[in-house]
Amino acid sequence: MSASPQSVAILGATGSIGQNTLDVIARHPERYRVFALTAARQDEVLFEQCRRFQPRFAVLVDATAAARLRQRVREAGLAVEVLEGAQALCEVSEAPEVDAVMAAIVGAAGLAPSLAAARAGKKLLLANKEALVVGGDLFMQAVHTGGATLLPIDSEHSAVFQSLPEDPASWERRVDKIVLTASGGPFRTRDPATLAGVTPEQACAHPNWVMGRKISVDSATMMNKALEVIEARYLFGLAPERIEVVIHPQSVVHSMVQYRDGSVVAQLGTPDMRVPIAYGLAWPERIASGASPLEFATLGALTFEAADDQRFPGLPLAWSALRGPAGTTAVLNAANEEAVAAFLDRRLRFDHIHAVNDATLQRVSPSKPQSLDDLLALDEEARACARQQVARLPI
């Protein structure tokens, strides 16, 4: 352990990942101090976090929310500087004082600050899978050029990382395939013909994990797993056909690596995001996360099933997008974000999310993005197309 505490910036502090990160940090005040906390517009939650953790900076993207927070911070006598706007997210991510950045902003909005942290050579704890899905090779190039340390926080990718050899140069030679596990979400056993009437409340009721609304819907459609396949492709450098998905309803085996000799190495644990968060914060050491340990004597059966493409038609889009030209995965992500937002607003049927994603992929033909501006332009083009598809579908 270093003599001085690590300075941590948490992007998306008011979400479930951000709150769990603060929970782990609070258990180890001698190891970590909070440099910056950010949110989109939840100023009340952010104020309480500022009062407890005393960061140097608090950032709100929404200017009105930032003004409210600035006033409350002043009245409370806190030594916290309140910044506003998307650019401020990048500024705190690349600040020289920062050692580690927890990138937990949902969706494509997290790409720019994640890129900033990568270019600045930070220890980057990536909970925002869209940064890789949208950024792809451009994002990985920023990681390598900046000399950043990239540590996955998604439970599945953290499990794969923990199960791989320590030497990345040997992965291609020693590893046969990566197996990502999926819970199957709340509709794993439902007849696909009955999914048209699914409500947002039903889709967000995940059987194992406590998550935000968007990722909960992605879990229900298995689009989260499609995005994770894409993320795994860029994180670990294996060909898409060497990435497999299997349904594991208990969410105890978080993912596996199968080696050339037939051996399988897996990471197991209770379904608690504090485990991969603690692993990322302390890597290469391990610290207490606050999660309950597995009790093998009472664990019960662990079962596995093939992923059903009929029930989860969005899953095969991962491999299809990876086979397409550079930028195709960004199109898929943008379409899905628009479709899920429409579903949560009750403007789109649950079973039409896949239709929007598929139609957008067919209609938007990306040229190879060369910069962040190219990616953002492609993202907006795909979103506009997806919104058109939403408007054409019956509710």
# chains A, B, ... in the order shown; residues from 1 in each chain; ligands from 1

$ residues_around --residues "Ala40 in chain A" --least-positions-apart "3" --cutoff "12 Å" --atoms "only C-alpha atoms" --output "PyMOL selection string"
chain A and resi 11-15+37+43-46+58-66+83-86+88-89+104-106+109-110

$ write_last_selection --atoms "N, CA and C atoms" --output "short mmCIF file (atom, residue, chain, number, x, y, z; two decimals), in the first residue's frame"
data_model
loop_
_atom_site.label_atom_id
_atom_site.label_comp_id
_atom_site.auth_asym_id
_atom_site.auth_seq_id
_atom_site.Cartn_x
_atom_site.Cartn_y
_atom_site.Cartn_z
N LEU A 11 -17.10 9.36 -11.41
CA LEU A 11 -18.02 9.87 -12.43
C LEU A 11 -19.32 9.07 -12.34
N GLY A 12 -20.42 9.75 -12.02
CA GLY A 12 -21.68 9.05 -11.81
C GLY A 12 -21.83 8.62 -10.37
N ALA A 13 -21.56 9.53 -9.46
CA ALA A 13 -21.50 9.19 -8.03
C ALA A 13 -22.87 8.86 -7.43
N THR A 14 -23.95 9.36 -8.02
CA THR A 14 -25.26 9.16 -7.42
C THR A 14 -25.94 7.87 -7.89
N GLY A 15 -25.36 7.20 -8.89
CA GLY A 15 -25.91 5.93 -9.36
C GLY A 15 -25.50 4.79 -8.47
N LEU A 37 -16.67 14.27 -7.12
CA LEU A 37 -17.92 13.52 -7.28
C LEU A 37 -18.73 14.20 -8.37
N ASP A 43 -28.79 16.89 -7.49
CA ASP A 43 -28.01 17.74 -6.59
C ASP A 43 -28.25 17.40 -5.12
N GLU A 44 -29.45 16.93 -4.75
CA GLU A 44 -29.71 16.63 -3.35
C GLU A 44 -28.86 15.45 -2.87
N VAL A 45 -28.81 14.38 -3.68
CA VAL A 45 -27.99 13.22 -3.32
C VAL A 45 -26.51 13.61 -3.30
N LEU A 46 -26.10 14.39 -4.30
CA LEU A 46 -24.70 14.79 -4.38
C LEU A 46 -24.31 15.66 -3.19
N ALA A 58 -17.18 19.07 -6.90
CA ALA A 58 -18.44 18.39 -7.23
C ALA A 58 -18.89 18.93 -8.58
N VAL A 59 -19.29 18.05 -9.47
CA VAL A 59 -19.68 18.46 -10.82
C VAL A 59 -21.10 18.01 -11.11
N LEU A 60 -21.90 18.93 -11.60
CA LEU A 60 -23.23 18.60 -12.10
C LEU A 60 -23.32 19.08 -13.55
N VAL A 61 -23.77 18.21 -14.42
CA VAL A 61 -23.88 18.58 -15.83
C VAL A 61 -24.95 19.64 -16.02
N ASP A 62 -26.05 19.51 -15.29
CA ASP A 62 -27.17 20.45 -15.40
C ASP A 62 -26.84 21.74 -14.64
N ALA A 63 -26.91 22.88 -15.32
CA ALA A 63 -26.51 24.16 -14.72
C ALA A 63 -27.44 24.58 -13.58
N THR A 64 -28.73 24.33 -13.73
CA THR A 64 -29.68 24.71 -12.68
C THR A 64 -29.43 23.91 -11.41
N ALA A 65 -29.19 22.61 -11.58
CA ALA A 65 -28.89 21.76 -10.42
C ALA A 65 -27.57 22.18 -9.78
N ALA A 66 -26.60 22.58 -10.61
CA ALA A 66 -25.31 23.03 -10.09
C ALA A 66 -25.48 24.29 -9.25
N LEU A 83 -18.60 22.67 -9.94
CA LEU A 83 -18.43 22.95 -11.36
C LEU A 83 -19.67 22.48 -12.11
N GLU A 84 -19.83 22.95 -13.33
CA GLU A 84 -21.00 22.55 -14.12
C GLU A 84 -20.61 22.30 -15.56
N GLY A 85 -21.43 21.46 -16.22
CA GLY A 85 -21.25 21.20 -17.64
C GLY A 85 -20.45 19.95 -17.93
N ALA A 86 -20.62 19.44 -19.17
CA ALA A 86 -19.96 18.20 -19.57
C ALA A 86 -18.44 18.33 -19.60
N ALA A 88 -16.55 19.92 -17.62
CA ALA A 88 -16.00 19.79 -16.27
C ALA A 88 -15.78 18.33 -15.89
N LEU A 89 -16.56 17.43 -16.46
CA LEU A 89 -16.35 16.00 -16.21
C LEU A 89 -14.97 15.59 -16.71
N ALA A 104 -18.48 5.62 -14.17
CA ALA A 104 -19.76 4.95 -13.96
C ALA A 104 -20.93 5.76 -14.50
N ILE A 105 -20.67 6.63 -15.48
CA ILE A 105 -21.75 7.37 -16.12
C ILE A 105 -22.41 6.45 -17.14
N VAL A 106 -23.72 6.33 -17.08
CA VAL A 106 -24.44 5.42 -17.96
C VAL A 106 -24.49 5.98 -19.37
N ALA A 109 -22.77 9.18 -22.83
CA ALA A 109 -22.35 10.41 -22.15
C ALA A 109 -21.06 10.21 -21.37
N GLY A 110 -20.74 8.98 -21.03
CA GLY A 110 -19.52 8.72 -20.28
C GLY A 110 -18.28 8.58 -21.13
#

$ select_by_dssp --residues "range 252-329 of chain A" --states "strand (DSSP E)" --output "ChimeraX atom specification"
/A:253-259,264-268,305-306

$ residues_around --residues "Phe35 in chain A" --least-positions-apart "6" --cutoff "9 Å" --atoms "only C-alpha atoms" --output "JSON, numbers by chain"
{"A": [7, 8, 9, 10, 54, 55, 56, 57, 58, 92, 97, 98]}

$ select_by_dssp --residues "range 250-367 of chain A" --states "helix (DSSP H, G or I)" --output "ChimeraX atom specification"
/A:274-282,296-298,317-323,328-344,350-363

$ residues_around --residues "range 228-239 of chain A" --least-positions-apart "3" --cutoff "7 Å" --atoms "only C-alpha atoms" --output "MDAnalysis selection string"
chainID A and resid 129 132:133 136 157 172 224:225 242:243 318 322

$ atom_distance --atom1 "CA of Ala301 in chain A" --atom2 "CA of Ser251 in chain A"
11.6 Å

$ residues_around --residues "range 120-124 of chain A" --least-positions-apart "2" --cutoff "10 Å" --atoms "only C-alpha atoms" --output "PyMOL selection string"
chain A and resi 8-9+93-96+98-103+114-118+126-127+142-153+280-281+283

$ closest_atom_pairs --of "range 250-364 of chain A" --to "range 391-395 of chain A" --cutoff "7 Å" --atoms "only C-alpha atoms" --output "CSV"
residue,atom,partner,partner_atom,distance
A:Arg347,CA,A:Ile395,CA,6.2
A:Leu348,CA,A:Ile395,CA,5.4
A:Arg349,CA,A:Ile395,CA,5.7

$ write_last_selection --atoms "N, CA, C and O atoms" --output "PDB file, in the first residue's frame"
ATOM      1  N   ARG A 347     -43.433   4.841 -24.526  1.00  0.00           N
ATOM      2  CA  ARG A 347     -43.666   5.192 -25.927  1.00  0.00           C
ATOM      3  C   ARG A 347     -43.329   4.044 -26.867  1.00  0.00           C
ATOM      4  O   ARG A 347     -43.480   4.171 -28.080  1.00  0.00           O
ATOM      5  N   LEU A 348     -42.859   2.932 -26.320  1.00  0.00           N
ATOM      6  CA  LEU A 348     -42.447   1.788 -27.134  1.00  0.00           C
ATOM      7  C   LEU A 348     -42.717   0.512 -26.367  1.00  0.00           C
ATOM      8  O   LEU A 348     -42.474   0.438 -25.161  1.00  0.00           O
ATOM      9  N   ARG A 349     -43.225  -0.483 -27.070  1.00  0.00           N
ATOM     10  CA  ARG A 349     -43.444  -1.783 -26.438  1.00  0.00           C
ATOM     11  C   ARG A 349     -42.108  -2.473 -26.167  1.00  0.00           C
ATOM     12  O   ARG A 349     -41.140  -2.319 -26.902  1.00  0.00           O
TER      13      ARG A 349
END
